[in-house]
Amino acid sequence: MGGADVYVRNCTPPAIDDFPAGLFTELQRQHGAIVLHAFISIYLFVALAVVCDKFFVPAVDRICTALNMTNDVAGATFMAAATSAPELFVNVIGTFITEGDIGVGTIVGSAVFNILAVAACCGIGAGMVVPLDWWPLTRDCLAYGITVSILICIMHDEYVQWYEAFLLVLLYGVYICIMYYDKSIQNFAKGSWKCVSNMMKKDDEKSESDVAVEKDPKSINNRADGDHHQQNGNIKTVAILYSDVSEKKAVDNKGFDEDQITNDEHIPKIDNEIALQDEINQVNIEEGNKEAADEYEHSLWKWPSGRSAITKATWIITWPIHLVYLFTIPDCEKPRFKNWFPLTFIMCIVWIGSLSYVVAWMITIIGDTLMIPDSVMGITFLAAGTSVPEAVSSVIVAKQGHGSMGISNSIGSNTFDILLCLGLPWLIKASLTPAEPGNYWVKINSMGLEYSAISLLSTLLLLYLTFWFNKFKLDAAVGRACLAMYAMFLVLATLIELNVFFPVNVRTCRRSELKS
């Protein structure tokens, strides 16, 4: 009977009911206890940052080495799955324990935060230009775009059948398989791209050569040499080619006029500059790593004497956090625990999930006390709260120079959120505990679904275009652009959620309505 009442009411139950009862009453919270909740939230954010930085990233690093995976693949699979533990945790509790609807707003908000805000944090937080590989970014954006499209199709009729939920879980298996064979697919994709670009070049050359052959046959040889140099961006190859060019000049000096020699020399010089730039980037990355190593050296039993006041204050504040982690998570960076990285990884997931659940709970209480609608809290604070692990982990690996790994982590997390965080609870609930006997489906509220789908796909496209125009480099300019886009999204999404433009959300129920 209780379930029928929910559908009759013209308001949605508040999200605070999806969590356990708090320690304080509503009146106590309004008279100052809310400050305590805010303090707990901030302290748990710090605890999340510590677990990601000190234990989680090194454990993922060890897994990469053990499984011989590339950084970007590890970012899109292991790292994405683990940093999405909070979403899975909150969604499982929401689906089974409290029987609440998994708010599309929270998932959309979290996804957009992952796409734009994490990229902004990486760009601004890395403090240097991080070159990105076009392949991982293209692969993850494509996978996520397909995932969102499938989700729209499934949720269109407001019912998720058990076989549709099973399809989502199955697709995650396919996604993992694609990641496993990523190197072969990558070689094939890059090979195909080279073939296409070479064919286009040849067509251009043919049309040019028809004109040039009448004027001077020797210039064609020069152009061919130039193309050959252009394809090799390697320092060693450039050096060898450079010596070849100088030998040619010595032997065939009579046959070449000086203009042609300068043209021929010009391309290796460009290549040399590119190669030197790569070397400089590598040095910057190494220096960044050294600085990071100096900065994050933390000892539990040693007072940081001779350090700044901020470092000392941080040491005092984070001491209890480090003490708890010392007894619960084996540090796989220490020689005696170096083979314990699977346990480190599992314990990190447990901590990340638990801490994020409490953060989500605290933020929901704050929103309820300040009378902010749940849909707005879901898209703003709650989304940012559950996505803290993604942001922290991505910034750490971007600082180490692995930009592709950071971005793959954020987009891979979104794919994991939809395929597994939604698919798995839906599958279990639809098949084992159907709402009505004989009907194996989950009823969902798809209000504003078209808007959320458009916002997801458009932000994904905007991110990809931003990187495309910046020649796949992650820097502060990209960071600022992503931050501006995220701010625009927040303003627009909040106004839509508050039904400013058109009715999207049913208002949240007041306490008096729930009691009646």
# chains A, B, ... in the order shown; residues from 1 in each chain; ligands from 1
$ residues_around --residues "A:Thr415" --least-positions-apart "3" --cutoff "6 Å" --atoms "only C-alpha atoms" --output "PyMOL selection string"
chain A and resi 144+412+418
$ write_last_selection --atoms "N, CA, C and O atoms" --output "short mmCIF file (atom, residue, chain, number, x, y, z; two decimals), in the first residue's frame"
data_model
loop_
_atom_site.label_atom_id
_atom_site.label_comp_id
_atom_site.auth_asym_id
_atom_site.auth_seq_id
_atom_site.Cartn_x
_atom_site.Cartn_y
_atom_site.Cartn_z
N TYR A 144 31.88 5.70 -24.47
CA TYR A 144 30.92 6.36 -23.59
C TYR A 144 29.72 6.90 -24.35
O TYR A 144 28.58 6.82 -23.88
N GLY A 412 36.27 6.66 -18.36
CA GLY A 412 36.04 5.24 -18.06
C GLY A 412 35.14 5.05 -16.85
O GLY A 412 34.32 4.13 -16.81
N ILE A 418 27.38 3.76 -15.75
CA ILE A 418 26.15 3.40 -16.47
C ILE A 418 26.02 1.89 -16.61
O ILE A 418 25.00 1.31 -16.28
#
$ select_by_dssp --residues "stretch 97-210 of chain A" --states "strand (DSSP E or B)" --output "ChimeraX atom specification"
/A:130-131,159-161
$ closest_atom_pairs --of "stretch 413-454 of chain A" --to "stretch 109-129 of chain A" --cutoff "12 Å" --atoms "only C-alpha atoms" --output "tab-separated table"
residue	atom	partner	partner_atom	distance
A:Ser413	CA	A:Asn114	CA	7.7
A:Asn414	CA	A:Ala111	CA	5.6
A:Thr415	CA	A:Ala111	CA	9.1
A:Phe416	CA	A:Ala111	CA	10.5
A:Asp417	CA	A:Ala111	CA	8.3
A:Ile418	CA	A:Ala111	CA	9.4
A:Ser452	CA	A:Gly109	CA	9.0
A:Ala453	CA	A:Val112	CA	10.8
A:Ile454	CA	A:Val112	CA	11.3
$ write_last_selection --atoms "all heavy atoms" --output "PDB file, in the first residue's frame"
ATOM      1  N   SER A 413      35.266   5.966 -15.865  1.00  0.00           N
ATOM      2  CA  SER A 413      34.396   5.922 -14.678  1.00  0.00           C
ATOM      3  C   SER A 413      32.938   6.081 -15.066  1.00  0.00           C
ATOM      4  O   SER A 413      32.063   5.442 -14.502  1.00  0.00           O
ATOM      5  CB  SER A 413      34.762   7.046 -13.706  1.00  0.00           C
ATOM      6  OG  SER A 413      35.990   6.770 -13.105  1.00  0.00           O
ATOM      7  N   ASN A 414      32.687   6.969 -16.038  1.00  0.00           N
ATOM      8  CA  ASN A 414      31.313   7.196 -16.492  1.00  0.00           C
ATOM      9  C   ASN A 414      30.730   5.967 -17.157  1.00  0.00           C
ATOM     10  O   ASN A 414      29.568   5.619 -16.955  1.00  0.00           O
ATOM     11  CB  ASN A 414      31.264   8.367 -17.477  1.00  0.00           C
ATOM     12  CG  ASN A 414      31.491   9.684 -16.795  1.00  0.00           C
ATOM     13  OD1 ASN A 414      31.597   9.744 -15.588  1.00  0.00           O
ATOM     14  ND2 ASN A 414      31.569  10.734 -17.560  1.00  0.00           N
ATOM     15  N   THR A 415      31.546   5.311 -17.990  1.00  0.00           N
ATOM     16  CA  THR A 415      31.107   4.082 -18.670  1.00  0.00           C
ATOM     17  C   THR A 415      30.779   3.023 -17.620  1.00  0.00           C
ATOM     18  O   THR A 415      29.761   2.336 -17.706  1.00  0.00           O
ATOM     19  CB  THR A 415      32.208   3.577 -19.634  1.00  0.00           C
ATOM     20  OG1 THR A 415      32.629   4.673 -20.446  1.00  0.00           O
ATOM     21  CG2 THR A 415      31.722   2.455 -20.519  1.00  0.00           C
ATOM     22  N   PHE A 416      31.635   2.916 -16.598  1.00  0.00           N
ATOM     23  CA  PHE A 416      31.429   1.969 -15.489  1.00  0.00           C
ATOM     24  C   PHE A 416      30.149   2.313 -14.730  1.00  0.00           C
ATOM     25  O   PHE A 416      29.360   1.422 -14.396  1.00  0.00           O
ATOM     26  CB  PHE A 416      32.643   2.023 -14.552  1.00  0.00           C
ATOM     27  CG  PHE A 416      32.548   1.090 -13.368  1.00  0.00           C
ATOM     28  CD1 PHE A 416      32.947  -0.228 -13.473  1.00  0.00           C
ATOM     29  CD2 PHE A 416      32.053   1.538 -12.154  1.00  0.00           C
ATOM     30  CE1 PHE A 416      32.858  -1.085 -12.376  1.00  0.00           C
ATOM     31  CE2 PHE A 416      31.961   0.689 -11.058  1.00  0.00           C
ATOM     32  CZ  PHE A 416      32.371  -0.624 -11.181  1.00  0.00           C
ATOM     33  N   ASP A 417      29.937   3.622 -14.474  1.00  0.00           N
ATOM     34  CA  ASP A 417      28.731   4.081 -13.749  1.00  0.00           C
ATOM     35  C   ASP A 417      27.458   3.601 -14.425  1.00  0.00           C
ATOM     36  O   ASP A 417      26.547   3.103 -13.768  1.00  0.00           O
ATOM     37  CB  ASP A 417      28.691   5.617 -13.684  1.00  0.00           C
ATOM     38  CG  ASP A 417      29.599   6.153 -12.595  1.00  0.00           C
ATOM     39  OD1 ASP A 417      30.176   5.328 -11.865  1.00  0.00           O
ATOM     40  OD2 ASP A 417      29.736   7.372 -12.487  1.00  0.00           O
ATOM     41  N   ILE A 418      27.381   3.761 -15.746  1.00  0.00           N
ATOM     42  CA  ILE A 418      26.147   3.399 -16.465  1.00  0.00           C
ATOM     43  C   ILE A 418      26.022   1.890 -16.612  1.00  0.00           C
ATOM     44  O   ILE A 418      24.996   1.308 -16.279  1.00  0.00           O
ATOM     45  CB  ILE A 418      26.089   4.096 -17.840  1.00  0.00           C
ATOM     46  CG1 ILE A 418      25.912   5.607 -17.637  1.00  0.00           C
ATOM     47  CG2 ILE A 418      24.945   3.536 -18.688  1.00  0.00           C
ATOM     48  CD1 ILE A 418      25.914   6.423 -18.910  1.00  0.00           C
ATOM     49  N   SER A 452      18.910  15.296 -19.880  1.00  0.00           N
ATOM     50  CA  SER A 452      20.141  14.759 -19.286  1.00  0.00           C
ATOM     51  C   SER A 452      20.998  14.053 -20.335  1.00  0.00           C
ATOM     52  O   SER A 452      22.217  14.156 -20.305  1.00  0.00           O
ATOM     53  CB  SER A 452      19.835  13.819 -18.120  1.00  0.00           C
ATOM     54  OG  SER A 452      18.773  12.966 -18.417  1.00  0.00           O
ATOM     55  N   ALA A 453      20.354  13.345 -21.267  1.00  0.00           N
ATOM     56  CA  ALA A 453      21.095  12.655 -22.323  1.00  0.00           C
ATOM     57  C   ALA A 453      21.800  13.660 -23.231  1.00  0.00           C
ATOM     58  O   ALA A 453      22.983  13.503 -23.561  1.00  0.00           O
ATOM     59  CB  ALA A 453      20.155  11.798 -23.145  1.00  0.00           C
ATOM     60  N   ILE A 454      21.078  14.731 -23.576  1.00  0.00           N
ATOM     61  CA  ILE A 454      21.672  15.773 -24.434  1.00  0.00           C
ATOM     62  C   ILE A 454      22.855  16.427 -23.723  1.00  0.00           C
ATOM     63  O   ILE A 454      23.903  16.639 -24.313  1.00  0.00           O
ATOM     64  CB  ILE A 454      20.616  16.839 -24.833  1.00  0.00           C
ATOM     65  CG1 ILE A 454      19.579  16.210 -25.786  1.00  0.00           C
ATOM     66  CG2 ILE A 454      21.255  18.060 -25.483  1.00  0.00           C
ATOM     67  CD1 ILE A 454      18.292  16.991 -25.923  1.00  0.00           C
TER      68      ILE A 454
END
$ closest_residue --among "A:Val506, A:Leu132, A:Ser299, A:Val491" --to "A:Ala398" --atoms "only C-alpha atoms"
A:Leu132
$ select_by_dssp --residues "stretch 97-170 of chain A" --states "alpha helix (DSSP H)" --output "VMD selection string"
chain A and resid 104 to 112 118 to 126 134 to 155 162 to 170
$ residues_around --residues "A:Ala85" --least-positions-apart "6" --cutoff "7 Å" --atoms "only C-alpha atoms" --output "list in words"
Ile349, Ile352 and Gly353 of chain A
$ write_last_selection --atoms "N, CA, C and O atoms" --output "mmCIF file, in the first residue's frame"
data_model
loop_
_atom_site.group_PDB
_atom_site.id
_atom_site.type_symbol
_atom_site.label_atom_id
_atom_site.label_comp_id
_atom_site.auth_asym_id
_atom_site.auth_seq_id
_atom_site.Cartn_x
_atom_site.Cartn_y
_atom_site.Cartn_z
ATOM 1 N N ILE A 349 39.426 0.294 -2.169
ATOM 2 C CA ILE A 349 38.036 0.327 -2.660
ATOM 3 C C ILE A 349 37.070 0.389 -1.468
ATOM 4 O O ILE A 349 36.119 1.164 -1.474
ATOM 5 N N ILE A 352 37.383 3.916 0.038
ATOM 6 C CA ILE A 352 36.828 4.935 -0.868
ATOM 7 C C ILE A 352 35.300 4.853 -0.868
ATOM 8 O O ILE A 352 34.610 5.871 -0.762
ATOM 9 N N GLY A 353 34.764 3.623 -0.953
ATOM 10 C CA GLY A 353 33.309 3.423 -0.947
ATOM 11 C C GLY A 353 32.663 3.906 0.339
ATOM 12 O O GLY A 353 31.678 4.644 0.314
#
$ decode --residues "stretch 40-53 of chain A" --atoms "all heavy atoms" --output "PDB file, in the first residue's frame"
ATOM      1  N   ILE A  40      32.677  17.592   9.071  1.00  0.00           N
ATOM      2  CA  ILE A  40      32.890  16.159   8.805  1.00  0.00           C
ATOM      3  C   ILE A  40      33.102  15.922   7.302  1.00  0.00           C
ATOM      4  O   ILE A  40      34.001  15.196   6.896  1.00  0.00           O
ATOM      5  CB  ILE A  40      31.712  15.300   9.341  1.00  0.00           C
ATOM      6  CG1 ILE A  40      31.677  15.345  10.868  1.00  0.00           C
ATOM      7  CG2 ILE A  40      31.815  13.847   8.866  1.00  0.00           C
ATOM      8  CD1 ILE A  40      30.408  14.784  11.498  1.00  0.00           C
ATOM      9  N   SER A  41      32.282  16.582   6.466  1.00  0.00           N
ATOM     10  CA  SER A  41      32.396  16.441   5.006  1.00  0.00           C
ATOM     11  C   SER A  41      33.787  16.833   4.524  1.00  0.00           C
ATOM     12  O   SER A  41      34.432  16.099   3.770  1.00  0.00           O
ATOM     13  CB  SER A  41      31.372  17.316   4.285  1.00  0.00           C
ATOM     14  OG  SER A  41      30.082  16.950   4.651  1.00  0.00           O
ATOM     15  N   ILE A  42      34.259  18.010   4.989  1.00  0.00           N
ATOM     16  CA  ILE A  42      35.580  18.503   4.553  1.00  0.00           C
ATOM     17  C   ILE A  42      36.680  17.551   5.011  1.00  0.00           C
ATOM     18  O   ILE A  42      37.603  17.221   4.253  1.00  0.00           O
ATOM     19  CB  ILE A  42      35.825  19.946   5.085  1.00  0.00           C
ATOM     20  CG1 ILE A  42      34.828  20.911   4.424  1.00  0.00           C
ATOM     21  CG2 ILE A  42      37.246  20.402   4.812  1.00  0.00           C
ATOM     22  CD1 ILE A  42      34.666  22.244   5.131  1.00  0.00           C
ATOM     23  N   TYR A  43      36.574  17.076   6.268  1.00  0.00           N
ATOM     24  CA  TYR A  43      37.604  16.174   6.811  1.00  0.00           C
ATOM     25  C   TYR A  43      37.639  14.852   6.033  1.00  0.00           C
ATOM     26  O   TYR A  43      38.712  14.303   5.767  1.00  0.00           O
ATOM     27  CB  TYR A  43      37.342  15.908   8.296  1.00  0.00           C
ATOM     28  CG  TYR A  43      38.552  15.315   8.999  1.00  0.00           C
ATOM     29  CD1 TYR A  43      39.666  16.108   9.245  1.00  0.00           C
ATOM     30  CD2 TYR A  43      38.580  13.981   9.400  1.00  0.00           C
ATOM     31  CE1 TYR A  43      40.787  15.585   9.879  1.00  0.00           C
ATOM     32  CE2 TYR A  43      39.699  13.453  10.039  1.00  0.00           C
ATOM     33  CZ  TYR A  43      40.799  14.260  10.273  1.00  0.00           C
ATOM     34  OH  TYR A  43      41.906  13.736  10.884  1.00  0.00           O
ATOM     35  N   LEU A  44      36.455  14.375   5.635  1.00  0.00           N
ATOM     36  CA  LEU A  44      36.398  13.119   4.865  1.00  0.00           C
ATOM     37  C   LEU A  44      36.918  13.310   3.442  1.00  0.00           C
ATOM     38  O   LEU A  44      37.479  12.385   2.852  1.00  0.00           O
ATOM     39  CB  LEU A  44      34.984  12.551   4.854  1.00  0.00           C
ATOM     40  CG  LEU A  44      34.444  12.071   6.205  1.00  0.00           C
ATOM     41  CD1 LEU A  44      33.058  11.490   6.065  1.00  0.00           C
ATOM     42  CD2 LEU A  44      35.370  11.040   6.855  1.00  0.00           C
ATOM     43  N   PHE A  45      36.747  14.524   2.895  1.00  0.00           N
ATOM     44  CA  PHE A  45      37.355  14.837   1.588  1.00  0.00           C
ATOM     45  C   PHE A  45      38.875  14.691   1.682  1.00  0.00           C
ATOM     46  O   PHE A  45      39.522  14.136   0.799  1.00  0.00           O
ATOM     47  CB  PHE A  45      37.015  16.266   1.147  1.00  0.00           C
ATOM     48  CG  PHE A  45      35.656  16.418   0.520  1.00  0.00           C
ATOM     49  CD1 PHE A  45      34.960  17.615   0.594  1.00  0.00           C
ATOM     50  CD2 PHE A  45      35.071  15.363  -0.173  1.00  0.00           C
ATOM     51  CE1 PHE A  45      33.699  17.762   0.019  1.00  0.00           C
ATOM     52  CE2 PHE A  45      33.818  15.497  -0.754  1.00  0.00           C
ATOM     53  CZ  PHE A  45      33.133  16.692  -0.658  1.00  0.00           C
ATOM     54  N   VAL A  46      39.436  15.202   2.786  1.00  0.00           N
ATOM     55  CA  VAL A  46      40.891  15.099   3.013  1.00  0.00           C
ATOM     56  C   VAL A  46      41.299  13.625   3.121  1.00  0.00           C
ATOM     57  O   VAL A  46      42.286  13.201   2.534  1.00  0.00           O
ATOM     58  CB  VAL A  46      41.304  15.878   4.293  1.00  0.00           C
ATOM     59  CG1 VAL A  46      42.784  15.668   4.611  1.00  0.00           C
ATOM     60  CG2 VAL A  46      41.003  17.368   4.144  1.00  0.00           C
ATOM     61  N   ALA A  47      40.499  12.843   3.879  1.00  0.00           N
ATOM     62  CA  ALA A  47      40.787  11.404   4.038  1.00  0.00           C
ATOM     63  C   ALA A  47      40.759  10.686   2.687  1.00  0.00           C
ATOM     64  O   ALA A  47      41.599   9.820   2.413  1.00  0.00           O
ATOM     65  CB  ALA A  47      39.779  10.770   4.987  1.00  0.00           C
ATOM     66  N   LEU A  48      39.809  11.060   1.822  1.00  0.00           N
ATOM     67  CA  LEU A  48      39.719  10.477   0.470  1.00  0.00           C
ATOM     68  C   LEU A  48      40.955  10.832  -0.349  1.00  0.00           C
ATOM     69  O   LEU A  48      41.513   9.982  -1.053  1.00  0.00           O
ATOM     70  CB  LEU A  48      38.475  11.009  -0.252  1.00  0.00           C
ATOM     71  CG  LEU A  48      37.182  10.231  -0.054  1.00  0.00           C
ATOM     72  CD1 LEU A  48      36.011  11.027  -0.595  1.00  0.00           C
ATOM     73  CD2 LEU A  48      37.229   8.876  -0.737  1.00  0.00           C
ATOM     74  N   ALA A  49      41.378  12.099  -0.249  1.00  0.00           N
ATOM     75  CA  ALA A  49      42.570  12.546  -0.989  1.00  0.00           C
ATOM     76  C   ALA A  49      43.804  11.756  -0.551  1.00  0.00           C
ATOM     77  O   ALA A  49      44.613  11.335  -1.380  1.00  0.00           O
ATOM     78  CB  ALA A  49      42.791  14.031  -0.773  1.00  0.00           C
ATOM     79  N   VAL A  50      43.932  11.514   0.761  1.00  0.00           N
ATOM     80  CA  VAL A  50      45.087  10.777   1.296  1.00  0.00           C
ATOM     81  C   VAL A  50      45.087   9.331   0.804  1.00  0.00           C
ATOM     82  O   VAL A  50      46.118   8.817   0.346  1.00  0.00           O
ATOM     83  CB  VAL A  50      45.113  10.829   2.852  1.00  0.00           C
ATOM     84  CG1 VAL A  50      46.183   9.896   3.410  1.00  0.00           C
ATOM     85  CG2 VAL A  50      45.369  12.250   3.328  1.00  0.00           C
ATOM     86  N   VAL A  51      43.933   8.657   0.875  1.00  0.00           N
ATOM     87  CA  VAL A  51      43.885   7.246   0.468  1.00  0.00           C
ATOM     88  C   VAL A  51      44.184   7.099  -1.035  1.00  0.00           C
ATOM     89  O   VAL A  51      44.871   6.176  -1.460  1.00  0.00           O
ATOM     90  CB  VAL A  51      42.549   6.565   0.863  1.00  0.00           C
ATOM     91  CG1 VAL A  51      41.394   6.985  -0.014  1.00  0.00           C
ATOM     92  CG2 VAL A  51      42.669   5.048   0.816  1.00  0.00           C
ATOM     93  N   CYS A  52      43.707   8.057  -1.838  1.00  0.00           N
ATOM     94  CA  CYS A  52      43.974   8.007  -3.290  1.00  0.00           C
ATOM     95  C   CYS A  52      45.449   8.236  -3.589  1.00  0.00           C
ATOM     96  O   CYS A  52      46.049   7.542  -4.401  1.00  0.00           O
ATOM     97  CB  CYS A  52      43.147   9.056  -4.027  1.00  0.00           C
ATOM     98  SG  CYS A  52      41.404   8.648  -4.082  1.00  0.00           S
ATOM     99  N   ASP A  53      46.013   9.232  -2.907  1.00  0.00           N
ATOM    100  CA  ASP A  53      47.396   9.622  -3.195  1.00  0.00           C
ATOM    101  C   ASP A  53      48.411   8.612  -2.677  1.00  0.00           C
ATOM    102  O   ASP A  53      49.313   8.187  -3.399  1.00  0.00           O
ATOM    103  CB  ASP A  53      47.625  11.007  -2.560  1.00  0.00           C
ATOM    104  CG  ASP A  53      49.054  11.474  -2.710  1.00  0.00           C
ATOM    105  OD1 ASP A  53      49.707  11.037  -3.673  1.00  0.00           O
ATOM    106  OD2 ASP A  53      49.516  12.268  -1.874  1.00  0.00           O
TER     107      ASP A  53
END
